[in-house]
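File shown: input11.cif (mmCIF, C-alpha atoms and all ligand atoms).
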data_model
loop_
_atom_site.group_PDB
_atom_site.id
_atom_site.type_symbol
_atom_site.label_atom_id
_atom_site.label_comp_id
_atom_site.auth_asym_id
_atom_site.auth_seq_id
_atom_site.Cartn_x
_atom_site.Cartn_y
_atom_site.Cartn_z
ATOM 1 C CA MET Z 1 -114.885 -49.693 39.572
ATOM 2 C CA ALA Z 2 -112.449 -46.846 39.267
ATOM 3 C CA THR Z 3 -111.869 -45.504 35.788
ATOM 4 C CA ALA Z 4 -108.409 -45.230 34.242
ATOM 5 C CA SER Z 5 -108.422 -41.468 34.508
ATOM 6 C CA ALA Z 6 -109.222 -41.693 38.205
ATOM 7 C CA ALA Z 7 -106.294 -44.117 38.725
ATOM 8 C CA GLN Z 8 -103.936 -41.743 36.910
ATOM 9 C CA ALA Z 9 -105.132 -38.914 39.097
ATOM 10 C CA ASN Z 10 -104.137 -40.911 42.203
ATOM 11 C CA MET Z 11 -100.555 -41.643 40.950
ATOM 12 C CA PRO Z 12 -97.759 -39.468 42.370
ATOM 13 C CA SER Z 13 -96.645 -36.968 39.716
ATOM 14 C CA VAL Z 14 -92.970 -36.831 38.691
ATOM 15 C CA GLY Z 15 -92.499 -33.393 37.273
ATOM 16 C CA VAL Z 16 -89.593 -32.299 34.999
ATOM 17 C CA ASP Z 17 -89.086 -28.608 35.367
ATOM 18 C CA ALA Z 18 -88.071 -26.630 32.303
ATOM 19 C CA PRO Z 19 -84.566 -25.098 32.721
ATOM 20 C CA SER Z 20 -84.622 -21.656 34.109
ATOM 21 C CA ARG Z 21 -83.328 -18.789 32.046
ATOM 22 C CA ARG Z 22 -80.132 -18.782 34.135
ATOM 23 C CA GLU Z 23 -79.557 -22.524 33.594
ATOM 24 C CA PHE Z 24 -80.172 -22.116 29.895
ATOM 25 C CA LEU Z 25 -77.530 -19.393 29.703
ATOM 26 C CA TYR Z 26 -75.093 -21.645 31.608
ATOM 27 C CA TYR Z 27 -75.638 -24.407 29.047
ATOM 28 C CA ILE Z 28 -75.025 -22.016 26.160
ATOM 29 C CA TRP Z 29 -71.912 -20.651 27.866
ATOM 30 C CA GLY Z 30 -70.548 -24.157 28.531
ATOM 31 C CA ALA Z 31 -71.165 -25.225 24.956
ATOM 32 C CA SER Z 32 -69.391 -22.104 23.654
ATOM 33 C CA ILE Z 33 -66.326 -22.761 25.845
ATOM 34 C CA ALA Z 34 -66.212 -26.412 24.714
ATOM 35 C CA LEU Z 35 -66.398 -25.333 21.080
ATOM 36 C CA LEU Z 36 -63.653 -22.746 21.582
ATOM 37 C CA LEU Z 37 -61.353 -25.276 23.286
ATOM 38 C CA GLY Z 38 -62.004 -27.800 20.508
ATOM 39 C CA GLU Z 39 -61.072 -25.268 17.843
ATOM 40 C CA ALA Z 40 -57.908 -24.278 19.747
ATOM 41 C CA ALA Z 41 -56.870 -27.946 20.077
ATOM 42 C CA ALA Z 42 -57.493 -28.564 16.375
ATOM 43 C CA GLY Z 43 -55.423 -25.488 15.524
ATOM 44 C CA LEU Z 44 -52.534 -26.706 17.688
ATOM 45 C CA VAL Z 45 -52.560 -30.115 16.012
ATOM 46 C CA TRP Z 46 -52.640 -28.456 12.587
ATOM 47 C CA PHE Z 47 -49.604 -26.306 13.428
ATOM 48 C CA ALA Z 48 -47.728 -29.233 14.996
ATOM 49 C CA LEU Z 49 -48.062 -31.418 11.914
ATOM 50 C CA PRO Z 50 -45.429 -30.924 9.205
ATOM 51 C CA ARG Z 51 -46.806 -28.778 6.397
ATOM 52 C CA PHE Z 52 -44.943 -30.707 3.717
ATOM 53 C CA LYS Z 53 -44.100 -34.344 3.362
ATOM 54 C CA GLU Z 54 -40.519 -35.545 3.087
ATOM 55 C CA GLY Z 55 -39.471 -35.566 -0.561
ATOM 56 C CA GLU Z 56 -42.048 -32.966 -1.540
ATOM 57 C CA PHE Z 57 -41.051 -29.432 -2.555
ATOM 58 C CA GLY Z 58 -41.301 -27.303 0.563
ATOM 59 C CA GLY Z 59 -40.179 -30.214 2.722
ATOM 60 C CA VAL Z 60 -36.928 -32.050 3.366
ATOM 61 C CA PHE Z 61 -35.101 -34.108 0.733
ATOM 62 C CA ASN Z 62 -32.631 -36.764 1.852
ATOM 63 C CA ILE Z 63 -29.863 -37.484 -0.622
ATOM 64 C CA ALA Z 64 -27.545 -40.463 -0.243
ATOM 65 C CA GLY Z 65 -23.918 -39.464 0.142
ATOM 66 C CA ASP Z 66 -22.684 -41.715 -2.652
ATOM 67 C CA THR Z 67 -24.795 -39.808 -5.196
ATOM 68 C CA VAL Z 68 -23.311 -36.400 -4.324
ATOM 69 C CA PRO Z 69 -21.041 -35.261 -7.158
ATOM 70 C CA ALA Z 70 -17.293 -35.242 -6.586
ATOM 71 C CA PRO Z 71 -15.527 -31.866 -6.357
ATOM 72 C CA ASN Z 72 -15.830 -29.831 -9.575
ATOM 73 C CA LYS Z 73 -17.801 -32.559 -11.332
ATOM 74 C CA ILE Z 74 -21.150 -31.901 -13.031
ATOM 75 C CA PRO Z 75 -23.595 -30.523 -10.428
ATOM 76 C CA MET Z 76 -26.498 -32.812 -9.623
ATOM 77 C CA SER Z 77 -30.015 -31.668 -10.404
ATOM 78 C CA VAL Z 78 -32.939 -32.750 -8.221
ATOM 79 C CA PRO Z 79 -35.954 -31.485 -10.215
ATOM 80 C CA ALA Z 80 -38.577 -32.465 -7.622
ATOM 81 C CA GLY Z 81 -36.790 -30.278 -5.073
ATOM 82 C CA ARG Z 82 -35.857 -27.597 -7.604
ATOM 83 C CA PHE Z 83 -32.243 -27.570 -6.469
ATOM 84 C CA TRP Z 84 -28.733 -28.367 -7.585
ATOM 85 C CA LEU Z 85 -26.010 -29.954 -5.498
ATOM 86 C CA SER Z 86 -22.745 -28.341 -6.483
ATOM 87 C CA ASN Z 87 -19.520 -29.582 -4.943
ATOM 88 C CA VAL Z 88 -16.792 -26.993 -5.376
ATOM 89 C CA GLU Z 89 -13.121 -27.851 -4.921
ATOM 90 C CA ASP Z 90 -11.585 -26.214 -1.820
ATOM 91 C CA ARG Z 91 -14.946 -24.638 -0.923
ATOM 92 C CA GLY Z 92 -17.437 -27.386 -0.174
ATOM 93 C CA LEU Z 93 -21.023 -28.251 -0.938
ATOM 94 C CA TYR Z 94 -23.560 -25.716 -2.189
ATOM 95 C CA VAL Z 95 -27.270 -26.410 -2.465
ATOM 96 C CA LEU Z 96 -28.464 -23.970 -5.115
ATOM 97 C CA TYR Z 97 -32.108 -23.094 -5.641
ATOM 98 C CA GLY Z 98 -32.670 -23.969 -9.301
ATOM 99 C CA VAL Z 99 -34.897 -21.007 -10.143
ATOM 100 C CA CYS Z 100 -33.387 -17.951 -11.801
ATOM 101 C CA THR Z 101 -33.339 -14.814 -9.665
ATOM 102 C CA HIS Z 102 -34.394 -12.752 -12.675
ATOM 103 C CA LEU Z 103 -37.866 -13.930 -13.702
ATOM 104 C CA GLY Z 104 -37.999 -17.503 -12.507
ATOM 105 C CA CYS Z 105 -36.799 -19.631 -15.441
ATOM 106 C CA LEU Z 106 -34.678 -22.702 -14.777
ATOM 107 C CA PRO Z 107 -30.945 -22.277 -15.425
ATOM 108 C CA LYS Z 108 -29.169 -25.361 -16.803
ATOM 109 C CA TRP Z 109 -25.637 -26.523 -16.182
ATOM 110 C CA VAL Z 110 -23.601 -26.087 -19.378
ATOM 111 C CA GLU Z 111 -20.538 -28.267 -18.965
ATOM 112 C CA THR Z 112 -18.653 -26.833 -21.932
ATOM 113 C CA ASN Z 113 -18.849 -23.358 -20.384
ATOM 114 C CA ASN Z 114 -18.475 -24.617 -16.809
ATOM 115 C CA ARG Z 115 -21.417 -22.552 -15.544
ATOM 116 C CA PHE Z 116 -25.172 -22.328 -15.138
ATOM 117 C CA GLU Z 117 -26.957 -20.546 -17.970
ATOM 118 C CA CYS Z 118 -30.540 -19.364 -17.974
ATOM 119 C CA PRO Z 119 -32.358 -20.086 -21.253
ATOM 120 C CA CYS Z 120 -34.755 -17.140 -20.959
ATOM 121 C CA HIS Z 121 -32.673 -13.963 -20.897
ATOM 122 C CA GLY Z 122 -29.129 -15.267 -20.684
ATOM 123 C CA SER Z 123 -28.137 -14.814 -17.051
ATOM 124 C CA LYS Z 124 -25.039 -16.838 -16.148
ATOM 125 C CA PHE Z 125 -23.865 -18.123 -12.780
ATOM 126 C CA GLU Z 126 -20.713 -19.797 -11.518
ATOM 127 C CA ARG Z 127 -20.593 -23.272 -10.019
ATOM 128 C CA THR Z 128 -21.035 -21.614 -6.634
ATOM 129 C CA GLY Z 129 -24.172 -19.869 -7.854
ATOM 130 C CA LYS Z 130 -22.404 -16.518 -8.019
ATOM 131 C CA TYR Z 131 -23.693 -14.108 -10.661
ATOM 132 C CA ILE Z 132 -21.528 -13.713 -13.782
ATOM 133 C CA GLU Z 133 -23.615 -11.690 -16.236
ATOM 134 C CA GLY Z 134 -27.130 -11.006 -17.523
ATOM 135 C CA PRO Z 135 -30.222 -9.328 -16.104
ATOM 136 C CA ALA Z 136 -30.461 -11.428 -12.905
ATOM 137 C CA PRO Z 137 -30.374 -8.986 -9.964
ATOM 138 C CA ARG Z 138 -28.485 -11.337 -7.633
ATOM 139 C CA SER Z 139 -26.650 -14.631 -7.382
ATOM 140 C CA MET Z 140 -28.557 -17.907 -7.150
ATOM 141 C CA ASP Z 141 -30.387 -18.474 -3.865
ATOM 142 C CA LYS Z 142 -29.519 -21.432 -1.619
ATOM 143 C CA PHE Z 143 -31.344 -23.893 0.566
ATOM 144 C CA GLU Z 144 -30.563 -24.848 4.154
ATOM 145 C CA ALA Z 145 -28.721 -28.157 4.248
ATOM 146 C CA THR Z 146 -27.267 -30.601 6.754
ATOM 147 C CA VAL Z 147 -24.480 -32.997 5.844
ATOM 148 C CA THR Z 148 -23.918 -36.115 7.921
ATOM 149 C CA PHE Z 149 -20.505 -37.688 7.482
ATOM 150 C CA ASP Z 150 -19.473 -41.316 7.790
ATOM 151 C CA ASP Z 151 -17.530 -40.498 10.968
ATOM 152 C CA GLY Z 152 -20.752 -39.330 12.635
ATOM 153 C CA THR Z 153 -20.017 -35.606 12.466
ATOM 154 C CA VAL Z 154 -22.681 -33.249 11.191
ATOM 155 C CA ALA Z 155 -22.462 -29.847 9.511
ATOM 156 C CA THR Z 156 -25.386 -27.506 8.911
ATOM 157 C CA THR Z 157 -25.546 -24.229 7.042
ATOM 158 C CA GLY Z 158 -26.085 -21.175 9.182
ATOM 159 C CA VAL Z 159 -24.403 -22.562 12.318
ATOM 160 C CA GLU Z 160 -20.878 -23.130 13.631
ATOM 161 C CA GLY Z 161 -19.277 -20.632 11.289
ATOM 162 C CA ILE Z 162 -20.893 -22.020 8.158
ATOM 163 C CA PRO Z 163 -22.628 -19.090 6.462
ATOM 164 C CA ASP Z 164 -26.294 -19.152 5.504
ATOM 165 C CA GLY Z 165 -26.505 -21.075 2.265
ATOM 166 C CA GLY Z 166 -23.091 -22.637 2.699
ATOM 167 C CA PRO Z 167 -20.797 -23.823 1.419
ATOM 168 C CA ILE Z 168 -20.511 -26.756 3.788
ATOM 169 C CA PRO Z 169 -16.793 -27.639 4.028
ATOM 170 C CA LEU Z 170 -16.210 -31.314 3.273
ATOM 171 C CA GLU Z 171 -12.479 -31.451 4.095
ATOM 172 C CA GLY Z 172 -11.998 -34.867 2.582
ATOM 173 C CA ARG Z 173 -14.649 -36.497 4.770
ATOM 174 C CA THR Z 174 -16.993 -39.074 3.274
ATOM 175 C CA ILE Z 175 -20.608 -37.934 3.078
ATOM 176 C CA ALA Z 176 -23.182 -40.360 4.453
ATOM 177 C CA SER Z 177 -26.215 -38.264 3.578
ATOM 178 C CA VAL Z 178 -27.400 -34.745 2.888
ATOM 179 C CA ALA Z 179 -30.721 -33.372 4.122
ATOM 180 C CA ILE Z 180 -31.966 -30.377 2.145
ATOM 181 C CA ASN Z 181 -34.743 -28.256 3.591
ATOM 182 C CA THR Z 182 -36.538 -26.723 0.604
ATOM 183 C CA GLY Z 183 -38.755 -24.860 3.037
ATOM 184 C CA SER Z 184 -35.802 -22.741 4.169
ATOM 185 C CA ARG Z 185 -34.232 -20.625 1.444
ATOM 186 C CA TYR Z 186 -31.369 -18.190 1.827
ATOM 187 C CA LYS Z 187 -31.948 -15.317 -0.527
ATOM 188 C CA SER Z 188 -28.753 -13.911 -2.008
ATOM 189 C CA ALA Z 189 -28.209 -10.269 -1.127
ATOM 190 C CA ASP Z 190 -26.731 -9.196 -4.450
ATOM 191 C CA ARG Z 191 -24.598 -10.241 -7.411
ATOM 192 C CA LEU Z 192 -21.497 -10.654 -5.242
ATOM 193 C CA ASP Z 193 -22.939 -13.492 -3.151
ATOM 194 C CA GLU Z 194 -21.544 -16.961 -3.618
HETATM 195 S S1 LIG B 201 -35.374 -15.596 -16.080
HETATM 196 FE FE1 LIG B 201 -33.285 -16.087 -16.085
HETATM 197 S S2 LIG B 201 -32.372 -14.477 -17.142
HETATM 198 FE FE2 LIG B 201 -34.462 -13.959 -17.119
#

What is this structure when it is put down as structure tokens?
Amino acid sequence: MATASAAQANMPSVGVDAPSRREFLYYIWGASIALLLGEAAAGLVWFALPRFKEGEFGGVFNIAGDTVPAPNKIPMSVPAGRFWLSNVEDRGLYVLYGVCTHLGCLPKWVETNNRFECPCHGSKFERTGKYIEGPAPRSMDKFEATVTFDDGTVATTGVEGIPDGGPIPLEGRTIASVAINTGSRYKSADRLDE
């Protein structure tokens, strides 16, 4: 009677060769390329996604047209977006960055004086954001904005003859909505900017 070890010795052997050095290097190389491509794809997705959510500072704020102040009425503050909407008669709509250009305090609208006044060191600014007096080195900065009107027309700062930072001419049209991009700020050049 044949023993078990003798039977095993008669079975055909199925050998699994260890990868050669060259094959091993191919595997490593392939894995490295796959990792690199994965990282590149993840990076692309990260860049493609919006960095800020709508309604979050750094992102876009959508304001309903019927809440925009009438010409020369009290400017509207949107604290979450750190901006003011200021509608100026015969000029149009300004979106003013609500942080003082001196040392970063928050100017307030003072209706009795018809101007913005900074509580920290007394800088003053017109309704258009233009510098009046005080230590601020320049006028108030502005945000990029797009106004959509009831008639379907659209006006955006920085294009079609509308200067960076506005104002956006309203010309009696009814505003449907205003989109303010708090991720795009126009820095005033000096105290003469408005
Ligand atoms: S921070 Fe506004 S005047 Fe100094």

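If you measure from each of Z:Val99, Z:Pro137, Z:Val154, Z:Arg185 to Arg173 in chain Z using all atoms listed in the file, the closest one turns out to be Z:Val154.
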
Quiz prompt | Shell of 12 Å around Asp164 in chain Z, only C-alpha atoms, local chain residues under 2 positions omitted, as a PyMOL selection string | solution = chain Z and resi 94-96+141-146+156-162+166-168+184-189+193-194

Practice problem: Go through Z:Val88, Z:Leu170, Z:Ile74, Z:Ile180 one by one, measure the shortest atom-to-atom distance of each to Trp109 in chain Z using all atoms listed in the file, and give the residue with the smallest value. | Solution: Z:Ile74

With ligand LIG 201 (chain B) as the partner and 6 Å as the cut-off, tabulate the residues of chain Z that qualify, each row holding the nearest pair of atoms and their distance in Å to one decimal, using only C-alpha atoms and all ligand atoms, sorted by chain and rising number, as a tab-separated table.
residue	atom	partner	partner_atom	distance
Z:Cys100	CA	B:LIG201	FE1	4.7
Z:His102	CA	B:LIG201	S1	4.5
Z:Leu103	CA	B:LIG201	S1	3.8
Z:Gly104	CA	B:LIG201	S1	4.8
Z:Cys105	CA	B:LIG201	S1	4.3
Z:Cys118	CA	B:LIG201	FE1	4.7
Z:Cys120	CA	B:LIG201	FE2	5.0
Z:His121	CA	B:LIG201	S2	3.8
Z:Gly122	CA	B:LIG201	S2	4.9
Z:Ser123	CA	B:LIG201	S2	4.2
Z:Pro135	CA	B:LIG201	S2	5.7
Z:Ala136	CA	B:LIG201	S2	5.6

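Between CA of Gly65 in chain Z and CA of Ala179 in chain Z the separation is 10.0 Å.
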
Taking (-34.7, -31.3, -9.6) as a centre in this file's frame and 12 Å as the limit, can you find every polymer residue with an atom that close, using all atoms listed in the file, and give them as a compact mmCIF listing (two decimals) with C-alpha atoms, keeping the file's coordinate frame?
# COMPACT_ATOMS: atom_id res chain seq x y z
CA GLY Z 55 -39.47 -35.57 -0.56
CA GLU Z 56 -42.05 -32.97 -1.54
CA PHE Z 57 -41.05 -29.43 -2.56
CA PHE Z 61 -35.10 -34.11 0.73
CA ILE Z 63 -29.86 -37.48 -0.62
CA PRO Z 75 -23.60 -30.52 -10.43
CA MET Z 76 -26.50 -32.81 -9.62
CA SER Z 77 -30.02 -31.67 -10.40
CA VAL Z 78 -32.94 -32.75 -8.22
CA PRO Z 79 -35.95 -31.48 -10.22
CA ALA Z 80 -38.58 -32.47 -7.62
CA GLY Z 81 -36.79 -30.28 -5.07
CA ARG Z 82 -35.86 -27.60 -7.60
CA PHE Z 83 -32.24 -27.57 -6.47
CA TRP Z 84 -28.73 -28.37 -7.58
CA LEU Z 85 -26.01 -29.95 -5.50
CA VAL Z 95 -27.27 -26.41 -2.46
CA LEU Z 96 -28.46 -23.97 -5.12
CA TYR Z 97 -32.11 -23.09 -5.64
CA GLY Z 98 -32.67 -23.97 -9.30
CA VAL Z 99 -34.90 -21.01 -10.14
CA LEU Z 106 -34.68 -22.70 -14.78
CA PRO Z 107 -30.94 -22.28 -15.42
CA LYS Z 108 -29.17 -25.36 -16.80
CA THR Z 182 -36.54 -26.72 0.60

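Of the listed residues Z:Gly92, Z:Gly59, Z:Gly172, Z:Pro19, the one whose atoms come nearest to Thr128 in chain Z is Z:Gly92, with distances taken using all atoms listed in the file.
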
Quiz item: Evaluating the PyMOL selection byres (((chain Z and resi 113-115) around 6) and not hetatm) on the displayed file yields which residues, as an MDAnalysis selection string?
Solution: chainID Z and resid 109:112 116 125:127

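Of the listed residues Z:Ile175, Z:Glu89, Z:Leu35, Z:Val60, the one whose atoms come nearest to Lys73 in chain Z is Z:Glu89, with distances taken using only C-alpha atoms.
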